[in-house]
Amino acid sequence: MDDFIIRAMLAGIGLALVSGPLGCFVVWRRMAYFGDTMAHSALLGVALAFLLNINLMLGVLAVTVTVSICLLILQKRGSLSTDALLGLLSHSALALGMVLIAFMSDLRFDLLSLLFGDILSVGNADVIAIYACAAVILGLMYFLWRPLLASTVNRELAEAEGFNPDLTQLIFMVMMAAIIAIAMKIVGVLLITALLIIPAATARWFAKTPEQMAVASAIIGIASVILGLEGSLQFDSASGPSIVVASLCIFLLSLFASRLINGVLAKDKGQ
Amino acid sequence: MQLIEMDGVGIKRQGRWLIQNVSLNVKSGEIVTLIGPNGAGKSTTAKTALGVLKADVGTIKRKPDLTVGYVPQKLAIDWTMPLTVRRLMSLTAKPTAAEIEAVLEKTGIPHLINSNVQQLSGGEYQRALLARAILRRPDLLVLDEPVQGVDYSGEIALYNLILKIREELNCGILLISHDLHVVMAQTDTVVCLNGHVCCSGAPEHVAASDAYKQMFGDAASQSLAIYHHHHDHSHKADGTIVPSKGDSGDCCNHG
């Protein structure tokens with residue numbers, strides 16, 4: 001295998017390791033649209049990074065964290081519903097980013113690779129950054145698993161029994177921001193949410209506990225990355241969308257399989 | 001031992017007082033029952049006692065390192081989260097497998113240990129939530145309408161279970177109830193809430209008070225009498241209760 005393909009595989013697997021468990025929380029907390037909002041605002045981060053000549057991931061991280069804090073503040077004021085706020089933030093940030101990019105006329109800029117990812121251009125430094133980020137996020141999740149899960153089940157219960165859901169929520173949002181920063185290069189901003197949600201949704205069919213679902217989701221994500229990359233080499237399709245299509249195929253297959261299994265079980269019970 | 005002391009507590013949201021001038025104490029081994037109509041601020045009072053809501057006025061003192069077991073009024077677990085009864089038990093604590101089995105035995109649902117919580121019936125789910133709360137060996141148990149969705153016989157069984165728990169753990173219990181009959185017979189203090197404390201004291205005292213009758217009508221006092229098992233009071237011809245002597249409590253009159 002060529003170097004760039006190995007790097008792409010490594011980067012994708014690193015991402016899937018994190019997006020699996022984090023995606024479960026996105027599904028449990030019903031925050032899919034929140035992920036989308038952060039991903040869209042990532043474009044503004046890219047534009048700012050070019051403008052200020054700083055690292056791309058850092059720019060994206062700064063903007064996504066800012067957007068999520070804005071959301072928290074606006075939510076507390078309570079004048080608009082959350083979905084309206086998300087729409088407002090998401091598309092304003094996206095539009096601002098596009099306008100900023102237009103101002104930088106000397107910039108040669110591949111918008112498509114940002115929207116749909118360019119995993120084959122991942123460099124060694126990117127791979128290292130992805131794994132460093134993944135290690136931090138997985139470590140945080142490991143140590144904060146109980147409070148994270150408890151405040152996902154019921155915020156007030158968690159607070160009454162001694163946890164700090166506000167802090168947990170903030171850390172969760174920063175983790176989301178970080179994963180969007182690292183996922184941008186791999187599947188692109190338009191498809192990040194898919195990689196968070198589809199493996200988690202697939203894992204739901206097989207899991208009995210939250211922990212099982214998180215692990216299964218990571219494994220399904222890794223399988224999607226491997227299958228998607230192989231497919232994209234085979235059919236010369238764009239790598240990001242191919243990974244998402246692969247995860248969709250796994251989802252549909254498992255849907256079918258679980259229907260079949262449940263059907264058989266129901267028959268057994270009937271007899 | 002005093003677990004919680006609330007004194008003159010008020011909570012204001014969007015210019016409206018949810019509760020005002022609420023004072024109540026919970027001691028170890030004591031059952032304090034909050035009653036009142038819908039929107040009276042029962043859950044708000046409990047959440048304030050727990051520190052989930054911050055009081056705008058008044059003081060709340062909690063015993064240092066107070067361990068709380070909480071059964072919220074609404075705990076809908078999203079279908080997207082796979083959760084068995086066994087896993088629910090270790091949501092906020094780290095019990096051993098033996099402790100989990102013991103507590104499920106005690107609450108009468110050992111056979112459901114591997115069931116999904118989303119598939120439990122109302123009564124089974126309330127028992128599971130109660131089991132989870134007492135597994136923490138709490139000093140204070142806060143139960144927000146613990147018999148909701150439970151049929152009548154199950155209701156009595158659950159109340160008996162709560163009494164048993166109090167004896168075993170010697171914990172204080174703050175119980176919220178919309179239903180007066182069974183609770184009031186076994187509770188130490190009743191706090192009748194309607195935005196503010198309109199009446200509090202021993203159950204017999206509250207049932208006989210004018211404020212209580214005004215809120216719930218005479219029929220409520222009558223039905224209370226039917227299920228009351230400690231005969232430390234007498235009945236008038238119309239069925240209302242005359243409390244025994246030496247009964248203590250405070251009451252205000254609704255004007």
# chains A, B, ... in the order shown; residues from 1 in each chain; ligands from 1
$ closest_atom_pairs --of "chain A" --to "chain B" --cutoff "6 Å" --atoms "only C-alpha atoms" --output "Markdown table"
| residue | atom | partner | partner_atom | distance |
| --- | --- | --- | --- | --- |
| A:Trp28 | CA | B:Thr80 | CA | 5.8 |
| A:Ala150 | CA | B:Leu91 | CA | 5.8 |
| A:Ala160 | CA | B:Leu50 | CA | 5.6 |
| A:Glu161 | CA | B:Val68 | CA | 5.6 |
| A:Lys208 | CA | B:Pro82 | CA | 5.2 |
| A:Thr209 | CA | B:Pro82 | CA | 4.9 |
| A:Pro210 | CA | B:Pro82 | CA | 5.6 |
$ residues_around --residues "B:Glu30" --least-positions-apart "3" --cutoff "7 Å" --atoms "only C-alpha atoms" --output "VMD selection string"
chain B and resid 26 to 27 172 to 173 188
$ residues_around --residues "stretch 181-185 of chain A" --least-positions-apart "3" --cutoff "10 Å" --atoms "only C-alpha atoms" --output "number ranges by chain"
A: 11-12, 14-16, 19, 38-39, 42-43, 45-46, 56-64, 113-122, 126-127, 129-131, 133-134, 175-178, 188-193, 195, 240
$ residues_around --residues "A:Glu211" --least-positions-apart "3" --cutoff "12 Å" --atoms "only C-alpha atoms" --output "ChimeraX atom specification"
/A:20-22,24-25,141-142,145-146,149,200,203-204,206-208,214-218 /B:81-84,87,91
$ write_last_selection --atoms "C-alpha atoms" --output "short mmCIF file (atom, residue, chain, number, x, y, z; two decimals), in the first residue's frame"
data_model
loop_
_atom_site.label_atom_id
_atom_site.label_comp_id
_atom_site.auth_asym_id
_atom_site.auth_seq_id
_atom_site.Cartn_x
_atom_site.Cartn_y
_atom_site.Cartn_z
CA GLY A 20 -18.04 6.35 17.95
CA PRO A 21 -18.49 7.00 21.68
CA LEU A 22 -19.01 10.75 21.23
CA CYS A 24 -23.56 7.96 21.10
CA PHE A 25 -23.88 11.02 23.33
CA MET A 141 -14.45 10.38 28.38
CA TYR A 142 -12.99 7.52 30.38
CA TRP A 145 -17.95 8.60 31.86
CA ARG A 146 -20.17 8.31 34.93
CA LEU A 149 -23.83 9.46 31.36
CA ALA A 200 -24.04 5.07 16.91
CA ALA A 203 -24.68 0.11 17.35
CA ARG A 204 -28.04 0.67 19.08
CA PHE A 206 -26.81 -4.70 19.19
CA ALA A 207 -26.11 -3.02 22.52
CA LYS A 208 -27.63 -3.81 25.92
CA ALA A 214 -20.04 3.15 22.62
CA VAL A 215 -17.58 0.35 21.82
CA ALA A 216 -19.73 -1.10 19.04
CA SER A 217 -20.14 2.36 17.58
CA ALA A 218 -16.36 2.84 17.45
CA MET B 81 -29.97 4.67 25.15
CA PRO B 82 -29.73 0.96 25.87
CA LEU B 83 -30.02 0.57 29.62
CA THR B 84 -30.73 -2.53 31.65
CA ARG B 87 -26.81 -0.85 34.57
CA LEU B 91 -25.73 5.28 37.23
#
$ residues_around --residues "A:Trp205" --least-positions-apart "6" --cutoff "10 Å" --atoms "only C-alpha atoms" --output "PyMOL selection string"
(chain A and resi 213+216+251+254-255+257-259) or (chain B and resi 80+82)
$ write_last_selection --atoms "C-alpha atoms" --output "compact mmCIF listing (two decimals), in the first residue's frame"
# COMPACT_ATOMS: atom_id res chain seq x y z
CA MET A 213 -23.07 0.85 22.39
CA ALA A 216 -19.73 -1.10 19.04
CA PHE A 251 -26.58 0.53 9.02
CA SER A 254 -27.77 -4.35 10.49
CA LEU A 255 -31.32 -3.02 10.30
CA ALA A 257 -30.27 -8.38 10.33
CA SER A 258 -31.90 -7.16 13.53
CA ARG A 259 -35.35 -7.39 11.92
CA THR B 80 -31.86 5.49 21.96
CA PRO B 82 -29.73 0.96 25.87
$ residues_around --residues "stretch 47-54 of chain A" --least-positions-apart "3" --cutoff "6 Å" --atoms "only C-alpha atoms" --output "PyMOL selection string"
chain A and resi 44+59+97+101
$ select_by_dssp --residues "stretch 6-42 of chain B" --states "strand (DSSP E or B)" --output "JSON, numbers by chain"
{"B": [6, 7, 8, 9, 10, 11, 12, 13, 16, 17, 18, 19, 20, 21, 22, 23, 24, 25, 26, 27, 31, 32, 33, 34, 35]}
$ closest_residue --among "B:Ala211, B:Gly123, B:Ile31, B:Gly58" --to "B:Ser153" --atoms "only C-alpha atoms"
B:Gly123
$ closest_residue --among "A:Leu253, A:Phe143, A:Ser247, A:Asn124" --to "A:Asp3" --atoms "only C-alpha atoms"
A:Asn124
$ residues_around --residues "stretch 6-13 of chain B" --least-positions-apart "6" --cutoff "10 Å" --atoms "only C-alpha atoms" --output "list in words"
Ile19, Gln20, Asn21, Val22, Ser23, Leu24, Asn25, Val26, Gly41, Thr44, Thr45, Thr48, Ala49, Leu53, Lys54, Ala55, Asp56, Val57, Gly58, Thr59, Ile60, Lys61, Arg62, Gly195, His196 and Val197 of chain B
$ select_by_dssp --residues "stretch 44-167 of chain B" --states "alpha helix (DSSP H)" --output "ChimeraX atom specification"
/B:44-50,85-89,97-106,122-135,152-167
$ atom_distance --atom1 "atom CA of B:Leu3" --atom2 "atom CA of B:Thr189"
14.5 Å
$ atom_distance --atom1 "atom CA of B:Thr107" --atom2 "atom CA of B:Arg137"
14.2 Å
